[in-house]
2 protein chains.
Amino acid sequence: MPAIEHFWAVVPAGGSGTRLWPLSRSDSPKFLHDLTGSGRSLLQETADRLAPLAGDRLLVVTGERHRDRVVEQLPEVPADRVVGEPSPRDSMAAIGLAAAILERLDPDAVMGSFAADHVVRDPAALERAVTVAAEVARDGWLVTIGIEPRQPSTAFGYLRQGGELDEHAGAYVVEEFVEKPGAELARSYVGSGDYRWNAGMFVVRPTVLLDLLASWHPDLAAGLRQIAAEPGRLDDVWSTLTRIAIDHAVAEPAAAEGRVATVPADLGWDDIGDFHSLAAVLGGDDLRVLGDPADVLAEESTGLVVPRSGRLVALVGVDDVVVVDTPDAVLVTTRDRAQDVKALVDRLRDAGRADLS
Amino acid sequence: MPAIEHFWAVVPAGGSGTRLWPLSRSDSPKFLHDLTGSGRSLLQETADRLAPLAGDRLLVVTGERHRDRVVEQLPEVPADRVVGEPSPRDSMAAIGLAAAILERLDPDAVMGSFAADHVVRDPAALERAVTVAAEVARDGWLVTIGIEPRQPSTAFGYLRQGGELDEHAGAYVVEEFVEKPGAELARSYVGSGDYRWNAGMFVVRPTVLLDLLASWHPDLAAGLRQIAAEPGRLDDVWSTLTRIAIDHAVAEPAAAEGRVATVPADLGWDDIGDFHSLAAVLGGDDLRVLGDPADVLAEESTGLVVPRSGRLVALVGVDDVVVVDTPDAVLVTTRDRAQDVKALVDRLRDAGRADLS
């Protein structure tokens, strides 16, 4: 399959992955790490699976402090296609800046935005879905890939899928986006068959996105277009931009106006939010090792070990344990408590050990 | 209290403490480590508490490979009072060699043998008991300190205490030594009030010990006396000596002949066999740290952490966990499974990682 004409892949590479500490750090976030044992970082895997869709039309938006490592990890991407944000201003500013740049660069562009730290086990399914989504987007829709839910997760937002579009088989109107639900509501969503996970994968014409944004946040849209027109003003304009997520800024209000479509797909998608979901993604044996198995010696133990210091990690009789061993810190928790790692990192910062966070 | 005249403290410093891996290693055994948080190793604490009894009359018998570190840890002990064994030949050879040396050095000697890796929380009680034991020993008895059992332990051997000696208040005949019992038997021992733990603390005149040994193991006694007479023959004679524990070689048969007495005492004694008993010895809070508390960050966790690498050890929601962090290996287990660490070390050796064992 050749790349989609005028299709640009935008990769916002942000977020620190606090719940994956001490593997992920504020100065070495999740997307820079190999979390699947493939030998490629999540960012590299993202670029790899977008190449068949976009060819060399890839634009990465990342924090200025991570820009050098992103450039290093993606030698095939020209350095001027890796945009550095002076400070974190949430996803709307990051994706909107890419849209403003592309709007000037390629008037026929359709862009697709894909987070740098997600896992997609079935890249062919992604290619099929994005191909349909790009066609729908050309007609002026804001299109999101709707992930077929595999279980009633309470960790993701959902979207409610309406009727199929007349002009586009396989694409449907989005009736609304809903926030992360409780367990009971999540079960009813999944049971109804009408809901999909919102993975934040938006396919849209850059101008459509910015014009939608301008309806609700005119200053933000204008600021982004100003930076694209005068890149030298990035630093002073950026700091004035509203911090808001793309879901709240555009996707939710646009859905309310019937401007959003979805292409449902089963991608084997995951966002690896914590070590529990990392263990699930790795699958396999009762004791999963993300690293060199020779660095682990286990006796009657299950769970996940991430050996990253070259030292031996030895386990005796521990169940569903999580051990993450790095050169300056070792974490011991359980899969059940993996989401509470965030509280630990907060305490670390409070304790003046930001050097480790 | 002045030192007991002609009383010599003998400290056999052997055993690797496999169940305390990775803290204790074959090339850095248990007795060289601070396991109480005192800042002194178990060996140093042993020497410290024997000084009031023996003055400077201390003799250490240790493996030749550990001799330099023993000398380094005990600068107050003249180097010729630290005897190096060419190879491990069990406790009878170690203690018997000390006896053979002392028999020639001081014909009026009474020796007391105390393992280098035990904990005694009440050294004053030890002093009182040994003072009585030394008087009894002068009358030709083999005397053992009988530890008041604090719980029906299945980890220690016991001795059955008989009638009080006519000439020595506080000393009793030992009717027999018994091996480590099962749980039910241990409860009946402790319930009866007639049994004491055998901690292997023997007080005896060197000649009495060697003559008793000669009754059952004449070659071993002769070999030890030969080495004491001709120290240059240590290497060739040592390798011919019978490997046997002092309990089997002398204490058990001598008790059967009514030659053994005991002085019961409540010393706050422990042998810290594994991380479970180490946690118990440390007592205190729900999460015990043997090391710098600043190296540990814990969220809703209990158990024992031994931070010895300078790295941060972070725990989230783990109960009764044991984490031992060293520069080349980290162990994660539970207090319940602490005794199974030995199996892990066996596997480590089988796996060709003797460098870590």
# chains A, B, ... in the order shown; residues from 1 in each chain; ligands from 1
>>> interface_residues(of="chain B", to="chain A", cutoff="10 Å", atoms="only C-alpha atoms", output="JSON, numbers by chain")
{"B": [22, 294, 295, 296, 297, 298, 299, 301, 309, 310, 311, 312, 313, 314, 315, 316, 317, 318, 319, 321, 322, 323, 324, 325, 326, 327, 328, 329, 330, 331, 332, 333, 334, 335, 336, 337, 338, 339, 340, 341, 342, 343, 344, 345, 347, 348, 351, 353, 356]}
>>> residues_around(residues="Pro52 of chain B", least_positions_apart="3", cutoff="9 Å", atoms="only C-alpha atoms", output="MDAnalysis selection string")
chainID B and resid 1:4 48:49 55 127
>>> residues_around(residues="Ala199 of chain A", least_positions_apart="6", cutoff="10 Å", atoms="only C-alpha atoms", output="mmCIF file with all heavy atoms, in the first residue's frame")
data_model
loop_
_atom_site.group_PDB
_atom_site.id
_atom_site.type_symbol
_atom_site.label_atom_id
_atom_site.label_comp_id
_atom_site.auth_asym_id
_atom_site.auth_seq_id
_atom_site.Cartn_x
_atom_site.Cartn_y
_atom_site.Cartn_z
ATOM 1 N N PHE A 114 -1.161 11.157 16.457
ATOM 2 C CA PHE A 114 -1.016 9.869 17.155
ATOM 3 C C PHE A 114 -0.004 10.034 18.274
ATOM 4 O O PHE A 114 1.156 10.377 18.008
ATOM 5 C CB PHE A 114 -0.523 8.802 16.175
ATOM 6 C CG PHE A 114 -1.386 8.669 14.954
ATOM 7 C CD1 PHE A 114 -1.116 9.408 13.804
ATOM 8 C CD2 PHE A 114 -2.503 7.839 14.968
ATOM 9 C CE1 PHE A 114 -1.922 9.307 12.675
ATOM 10 C CE2 PHE A 114 -3.325 7.742 13.841
ATOM 11 C CZ PHE A 114 -3.031 8.478 12.688
ATOM 12 N N ALA A 115 -0.427 9.798 19.509
ATOM 13 C CA ALA A 115 0.474 9.970 20.649
ATOM 14 C C ALA A 115 1.722 9.104 20.483
ATOM 15 O O ALA A 115 1.670 8.006 19.926
ATOM 16 C CB ALA A 115 -0.247 9.608 21.950
ATOM 17 N N HIS A 118 1.834 5.311 22.711
ATOM 18 C CA HIS A 118 0.820 4.260 22.687
ATOM 19 C C HIS A 118 1.365 3.009 22.003
ATOM 20 O O HIS A 118 2.356 3.068 21.283
ATOM 21 C CB HIS A 118 -0.436 4.739 21.951
ATOM 22 C CG HIS A 118 -1.194 5.788 22.713
ATOM 23 N ND1 HIS A 118 -2.301 6.431 22.207
ATOM 24 C CD2 HIS A 118 -0.988 6.309 23.961
ATOM 25 C CE1 HIS A 118 -2.752 7.303 23.109
ATOM 26 N NE2 HIS A 118 -1.969 7.246 24.165
ATOM 27 N N THR A 144 -12.142 10.680 14.408
ATOM 28 C CA THR A 144 -11.347 10.010 15.444
ATOM 29 C C THR A 144 -11.421 8.505 15.227
ATOM 30 O O THR A 144 -12.462 7.989 14.797
ATOM 31 C CB THR A 144 -11.834 10.404 16.854
ATOM 32 O OG1 THR A 144 -11.016 9.744 17.825
ATOM 33 C CG2 THR A 144 -13.283 9.998 17.085
ATOM 34 N N ILE A 145 -10.304 7.830 15.490
ATOM 35 C CA ILE A 145 -10.327 6.366 15.426
ATOM 36 C C ILE A 145 -10.976 5.877 16.725
ATOM 37 O O ILE A 145 -10.516 6.215 17.817
ATOM 38 C CB ILE A 145 -8.904 5.785 15.280
ATOM 39 C CG1 ILE A 145 -8.128 6.465 14.131
ATOM 40 C CG2 ILE A 145 -8.956 4.273 15.106
ATOM 41 C CD1 ILE A 145 -8.730 6.282 12.757
ATOM 42 N N GLY A 146 -12.072 5.125 16.593
ATOM 43 C CA GLY A 146 -12.776 4.622 17.785
ATOM 44 C C GLY A 146 -12.314 3.210 18.082
ATOM 45 O O GLY A 146 -12.536 2.296 17.294
ATOM 46 N N ILE A 147 -11.658 3.037 19.226
ATOM 47 C CA ILE A 147 -11.051 1.733 19.531
ATOM 48 C C ILE A 147 -12.120 0.780 20.072
ATOM 49 O O ILE A 147 -12.823 1.105 21.028
ATOM 50 C CB ILE A 147 -9.945 1.891 20.588
ATOM 51 C CG1 ILE A 147 -8.966 3.012 20.187
ATOM 52 C CG2 ILE A 147 -9.240 0.566 20.820
ATOM 53 C CD1 ILE A 147 -8.119 2.707 18.996
ATOM 54 N N PHE A 156 -9.992 4.773 30.484
ATOM 55 C CA PHE A 156 -10.052 5.537 29.230
ATOM 56 C C PHE A 156 -11.380 6.277 29.118
ATOM 57 O O PHE A 156 -12.392 5.850 29.680
ATOM 58 C CB PHE A 156 -9.924 4.598 28.025
ATOM 59 C CG PHE A 156 -8.734 3.679 28.091
ATOM 60 C CD1 PHE A 156 -8.885 2.313 27.895
ATOM 61 C CD2 PHE A 156 -7.453 4.176 28.352
ATOM 62 C CE1 PHE A 156 -7.786 1.461 27.957
ATOM 63 C CE2 PHE A 156 -6.354 3.327 28.408
ATOM 64 C CZ PHE A 156 -6.526 1.971 28.212
ATOM 65 N N GLY A 157 -11.372 7.376 28.330
ATOM 66 C CA GLY A 157 -12.615 8.010 27.940
ATOM 67 C C GLY A 157 -13.274 7.201 26.826
ATOM 68 O O GLY A 157 -12.629 6.381 26.172
ATOM 69 N N TYR A 158 -14.577 7.420 26.641
ATOM 70 C CA TYR A 158 -15.334 6.694 25.611
ATOM 71 C C TYR A 158 -15.968 7.702 24.652
ATOM 72 O O TYR A 158 -16.090 8.891 24.964
ATOM 73 C CB TYR A 158 -16.439 5.848 26.244
ATOM 74 C CG TYR A 158 -15.951 4.598 26.971
ATOM 75 C CD1 TYR A 158 -15.221 4.686 28.155
ATOM 76 C CD2 TYR A 158 -16.237 3.325 26.471
ATOM 77 C CE1 TYR A 158 -14.786 3.545 28.814
ATOM 78 C CE2 TYR A 158 -15.801 2.179 27.130
ATOM 79 C CZ TYR A 158 -15.083 2.292 28.294
ATOM 80 O OH TYR A 158 -14.657 1.165 28.938
ATOM 81 N N LEU A 159 -16.382 7.203 23.484
ATOM 82 C CA LEU A 159 -17.220 8.013 22.599
ATOM 83 C C LEU A 159 -18.425 7.164 22.217
ATOM 84 O O LEU A 159 -18.341 5.934 22.126
ATOM 85 C CB LEU A 159 -16.434 8.467 21.362
ATOM 86 C CG LEU A 159 -15.801 7.411 20.468
ATOM 87 C CD1 LEU A 159 -16.794 6.938 19.405
ATOM 88 C CD2 LEU A 159 -14.562 8.005 19.794
ATOM 89 N N TRP A 269 -4.778 -1.882 20.731
ATOM 90 C CA TRP A 269 -4.231 -0.620 21.246
ATOM 91 C C TRP A 269 -4.098 -0.662 22.771
ATOM 92 O O TRP A 269 -4.896 -1.299 23.459
ATOM 93 C CB TRP A 269 -5.184 0.506 20.832
ATOM 94 C CG TRP A 269 -4.866 1.842 21.444
ATOM 95 C CD1 TRP A 269 -4.006 2.770 20.967
ATOM 96 C CD2 TRP A 269 -5.424 2.386 22.647
ATOM 97 N NE1 TRP A 269 -3.979 3.863 21.785
ATOM 98 C CE2 TRP A 269 -4.842 3.657 22.836
ATOM 99 C CE3 TRP A 269 -6.343 1.921 23.591
ATOM 100 C CZ2 TRP A 269 -5.151 4.481 23.921
ATOM 101 C CZ3 TRP A 269 -6.655 2.741 24.675
ATOM 102 C CH2 TRP A 269 -6.068 3.997 24.826
ATOM 103 N N ASP A 270 -3.071 0.006 23.285
ATOM 104 C CA ASP A 270 -2.955 0.204 24.730
ATOM 105 C C ASP A 270 -2.144 1.463 24.965
ATOM 106 O O ASP A 270 -1.332 1.832 24.128
ATOM 107 C CB ASP A 270 -2.278 -0.998 25.405
ATOM 108 C CG ASP A 270 -2.723 -1.146 26.854
ATOM 109 O OD1 ASP A 270 -2.605 -0.166 27.617
ATOM 110 O OD2 ASP A 270 -3.194 -2.239 27.218
ATOM 111 N N ASP A 271 -2.366 2.096 26.103
ATOM 112 C CA ASP A 271 -1.536 3.278 26.366
ATOM 113 C C ASP A 271 -0.514 3.023 27.475
ATOM 114 O O ASP A 271 0.223 3.948 27.830
ATOM 115 C CB ASP A 271 -2.390 4.506 26.668
ATOM 116 C CG ASP A 271 -2.865 4.531 28.108
ATOM 117 O OD1 ASP A 271 -2.867 3.467 28.751
ATOM 118 O OD2 ASP A 271 -3.216 5.625 28.596
#
>>> residues_around(residues="Leu58 of chain B", least_positions_apart="6", cutoff="6 Å", atoms="only C-alpha atoms", output="JSON, numbers by chain")
{"B": [8, 9, 10]}
>>> residues_around(residues="Val77 of chain A", least_positions_apart="4", cutoff="12 Å", atoms="only C-alpha atoms", output="PyMOL selection string")
chain A and resi 9+11+44+47-48+51+55-60+70-73+81-83
>>> write_last_selection(atoms="C-alpha atoms", output="PDB file, in the first residue's frame")
ATOM      1  CA  ALA A   9       1.467  12.133  10.580  1.00  0.00           C
ATOM      2  CA  VAL A  11       3.174  12.897  16.776  1.00  0.00           C
ATOM      3  CA  GLN A  44      10.294   4.844  17.266  1.00  0.00           C
ATOM      4  CA  ALA A  47       7.126   6.475  13.651  1.00  0.00           C
ATOM      5  CA  ASP A  48       7.637   2.982  12.207  1.00  0.00           C
ATOM      6  CA  ALA A  51       5.680   5.508   7.740  1.00  0.00           C
ATOM      7  CA  GLY A  55       5.911   8.308   3.916  1.00  0.00           C
ATOM      8  CA  ASP A  56       8.383  10.916   5.150  1.00  0.00           C
ATOM      9  CA  ARG A  57       5.644  13.415   6.092  1.00  0.00           C
ATOM     10  CA  LEU A  58       6.120  13.129   9.853  1.00  0.00           C
ATOM     11  CA  LEU A  59       6.033  16.063  12.272  1.00  0.00           C
ATOM     12  CA  VAL A  60       6.914  15.591  15.942  1.00  0.00           C
ATOM     13  CA  VAL A  70      13.872  12.747  19.841  1.00  0.00           C
ATOM     14  CA  VAL A  71      16.089  13.857  16.942  1.00  0.00           C
ATOM     15  CA  GLU A  72      18.633  11.227  17.980  1.00  0.00           C
ATOM     16  CA  GLN A  73      16.009   8.464  18.098  1.00  0.00           C
ATOM     17  CA  ARG A  81      10.340  18.483  11.470  1.00  0.00           C
ATOM     18  CA  VAL A  82      10.889  18.070  15.245  1.00  0.00           C
ATOM     19  CA  VAL A  83       9.276  21.109  16.847  1.00  0.00           C
TER      20      VAL A  83
END
>>> closest_residue(among="A:Val203, A:Leu304, A:Leu126, A:Leu213", to="His276 of chain A", atoms="only C-alpha atoms")
A:Leu304
>>> select_by_dssp(residues="segment 37-247 of chain A", states="helix (DSSP H, G or I)", output="PyMOL selection string")
chain A and resi 42-54+64-73+79-81+90-105+123-138+183-192+206-216+218-229+231-238+246-247
>>> residues_around(residues="segment 232-241 of chain B", least_positions_apart="5", cutoff="7 Å", atoms="only C-alpha atoms", output="compact mmCIF listing (two decimals) with N, CA and C atoms, in the first residue's frame")
# COMPACT_ATOMS: atom_id res chain seq x y z
N PRO B 86 43.19 -23.39 56.84
CA PRO B 86 43.43 -23.53 55.40
C PRO B 86 42.16 -23.87 54.62
N LEU B 220 41.71 -37.08 65.71
CA LEU B 220 41.41 -35.66 65.60
C LEU B 220 42.09 -34.89 66.74
N GLY B 223 45.81 -34.85 66.09
CA GLY B 223 46.16 -33.94 64.98
C GLY B 223 46.17 -32.49 65.45
N ILE B 227 49.41 -29.92 65.55
CA ILE B 227 49.50 -28.59 64.91
C ILE B 227 49.94 -27.54 65.92
>>> residues_around(residues="Gly15 of chain A", least_positions_apart="3", cutoff="12 Å", atoms="only C-alpha atoms", output="PyMOL selection string")
chain A and resi 12+18-20+24-32+61-63+66+87-91+94+115-118+271+273
>>> write_last_selection(atoms="N, CA, C and O atoms", output="short mmCIF file (atom, residue, chain, number, x, y, z; two decimals), in the first residue's frame")
data_model
loop_
_atom_site.label_atom_id
_atom_site.label_comp_id
_atom_site.auth_asym_id
_atom_site.auth_seq_id
_atom_site.Cartn_x
_atom_site.Cartn_y
_atom_site.Cartn_z
N PRO A 12 2.46 14.12 18.77
CA PRO A 12 2.75 14.88 19.99
C PRO A 12 3.46 13.95 20.98
O PRO A 12 2.93 12.91 21.35
N THR A 18 4.43 9.30 34.76
CA THR A 18 4.81 9.23 36.16
C THR A 18 4.59 7.85 36.78
O THR A 18 5.40 7.39 37.58
N ARG A 19 3.49 7.19 36.37
CA ARG A 19 3.20 5.89 36.99
C ARG A 19 4.13 4.79 36.51
O ARG A 19 4.06 3.66 36.97
N LEU A 20 5.02 5.14 35.57
CA LEU A 20 6.03 4.18 35.14
C LEU A 20 7.41 4.51 35.73
O LEU A 20 8.42 4.00 35.27
N SER A 24 10.45 5.53 33.69
CA SER A 24 10.14 6.81 33.06
C SER A 24 10.44 7.93 34.06
O SER A 24 10.07 7.83 35.22
N ARG A 25 11.13 8.97 33.61
CA ARG A 25 11.46 10.11 34.47
C ARG A 25 11.04 11.39 33.78
O ARG A 25 10.85 11.40 32.57
N SER A 26 11.00 12.46 34.55
CA SER A 26 10.61 13.72 33.91
C SER A 26 11.64 14.10 32.83
O SER A 26 11.27 14.70 31.82
N ASP A 27 12.90 13.73 33.01
CA ASP A 27 13.87 14.06 31.96
C ASP A 27 14.11 12.90 30.99
O ASP A 27 14.99 12.97 30.14
N SER A 28 13.33 11.84 31.14
CA SER A 28 13.47 10.71 30.22
C SER A 28 12.12 10.00 30.15
O SER A 28 11.92 8.92 30.68
N PRO A 29 11.14 10.68 29.51
CA PRO A 29 9.75 10.20 29.61
C PRO A 29 9.52 8.90 28.85
O PRO A 29 10.34 8.46 28.03
N LYS A 30 8.38 8.36 29.17
CA LYS A 30 7.90 7.08 28.66
C LYS A 30 8.15 6.85 27.17
O LYS A 30 8.59 5.78 26.77
N PHE A 31 7.87 7.86 26.32
CA PHE A 31 7.93 7.62 24.87
C PHE A 31 9.35 7.35 24.39
O PHE A 31 9.52 6.82 23.30
N LEU A 32 10.35 7.70 25.20
CA LEU A 32 11.74 7.45 24.79
C LEU A 32 12.18 6.03 25.12
O LEU A 32 13.30 5.63 24.79
N VAL A 61 6.03 16.98 17.72
CA VAL A 61 6.02 18.15 18.61
C VAL A 61 6.35 17.64 20.01
O VAL A 61 5.64 16.78 20.54
N THR A 62 7.42 18.15 20.57
CA THR A 62 7.85 17.64 21.87
C THR A 62 8.39 18.78 22.72
O THR A 62 8.58 19.90 22.23
N GLY A 63 8.64 18.49 24.00
CA GLY A 63 9.22 19.52 24.87
C GLY A 63 10.63 19.86 24.39
O GLY A 63 11.38 18.98 23.98
N HIS A 66 13.40 17.71 25.53
CA HIS A 66 13.53 16.34 25.01
C HIS A 66 13.88 16.30 23.53
O HIS A 66 14.07 15.23 22.96
N SER A 87 7.57 25.16 26.68
CA SER A 87 7.07 24.67 27.96
C SER A 87 5.83 23.83 27.66
O SER A 87 5.25 23.94 26.59
N PRO A 88 5.42 22.98 28.59
CA PRO A 88 4.23 22.14 28.32
C PRO A 88 2.97 23.00 28.37
O PRO A 88 2.76 23.74 29.34
N ARG A 89 2.15 22.96 27.30
CA ARG A 89 0.89 23.72 27.30
C ARG A 89 -0.27 22.84 26.85
O ARG A 89 -1.22 23.32 26.25
N ASP A 90 -0.18 21.56 27.15
CA ASP A 90 -1.25 20.58 26.91
C ASP A 90 -1.43 20.28 25.41
O ASP A 90 -0.77 20.86 24.55
N SER A 91 -2.36 19.35 25.12
CA SER A 91 -2.37 18.75 23.78
C SER A 91 -2.93 19.66 22.70
O SER A 91 -2.54 19.56 21.54
N ALA A 94 -0.08 21.76 21.33
CA ALA A 94 0.91 20.94 20.61
C ALA A 94 0.38 20.53 19.23
O ALA A 94 1.04 20.73 18.20
N ALA A 115 -0.43 9.80 19.51
CA ALA A 115 0.47 9.97 20.65
C ALA A 115 1.72 9.10 20.48
O ALA A 115 1.67 8.01 19.93
N ALA A 116 2.84 9.61 21.00
CA ALA A 116 4.13 8.93 20.84
C ALA A 116 4.29 7.74 21.77
O ALA A 116 5.24 6.98 21.62
N ASP A 117 3.37 7.59 22.74
CA ASP A 117 3.61 6.57 23.76
C ASP A 117 2.50 5.52 23.83
O ASP A 117 2.27 4.92 24.86
N HIS A 118 1.83 5.31 22.71
CA HIS A 118 0.82 4.26 22.69
C HIS A 118 1.36 3.01 22.00
O HIS A 118 2.36 3.07 21.28
N ASP A 271 -2.37 2.10 26.10
CA ASP A 271 -1.54 3.28 26.37
C ASP A 271 -0.51 3.02 27.48
O ASP A 271 0.22 3.95 27.83
N GLY A 273 -0.44 2.69 30.78
CA GLY A 273 -0.49 3.75 31.79
C GLY A 273 0.33 3.45 33.02
O GLY A 273 0.83 4.36 33.68
#
>>> closest_residue(among="A:Leu290, A:Val306, A:Val281, A:Ala229", to="Leu97 of chain A", atoms="only C-alpha atoms")
A:Ala229
>>> closest_residue(among="A:Pro107, A:Gly84, A:Pro206, A:Pro253", to="Val178 of chain A", atoms="only C-alpha atoms")
A:Pro253
>>> atom_distance(atom1="atom CA of Gly17 of chain A", atom2="atom CA of Asp34 of chain A")
13.1 Å
>>> closest_residue(among="A:Ala13, A:Ala124, A:Ala134, A:Ala98", to="Ser41 of chain A", atoms="only C-alpha atoms")
A:Ala13
>>> closest_residue(among="B:His6, B:Arg104, B:Arg65, B:His217", to="Ala245 of chain B", atoms="only C-alpha atoms")
B:His217
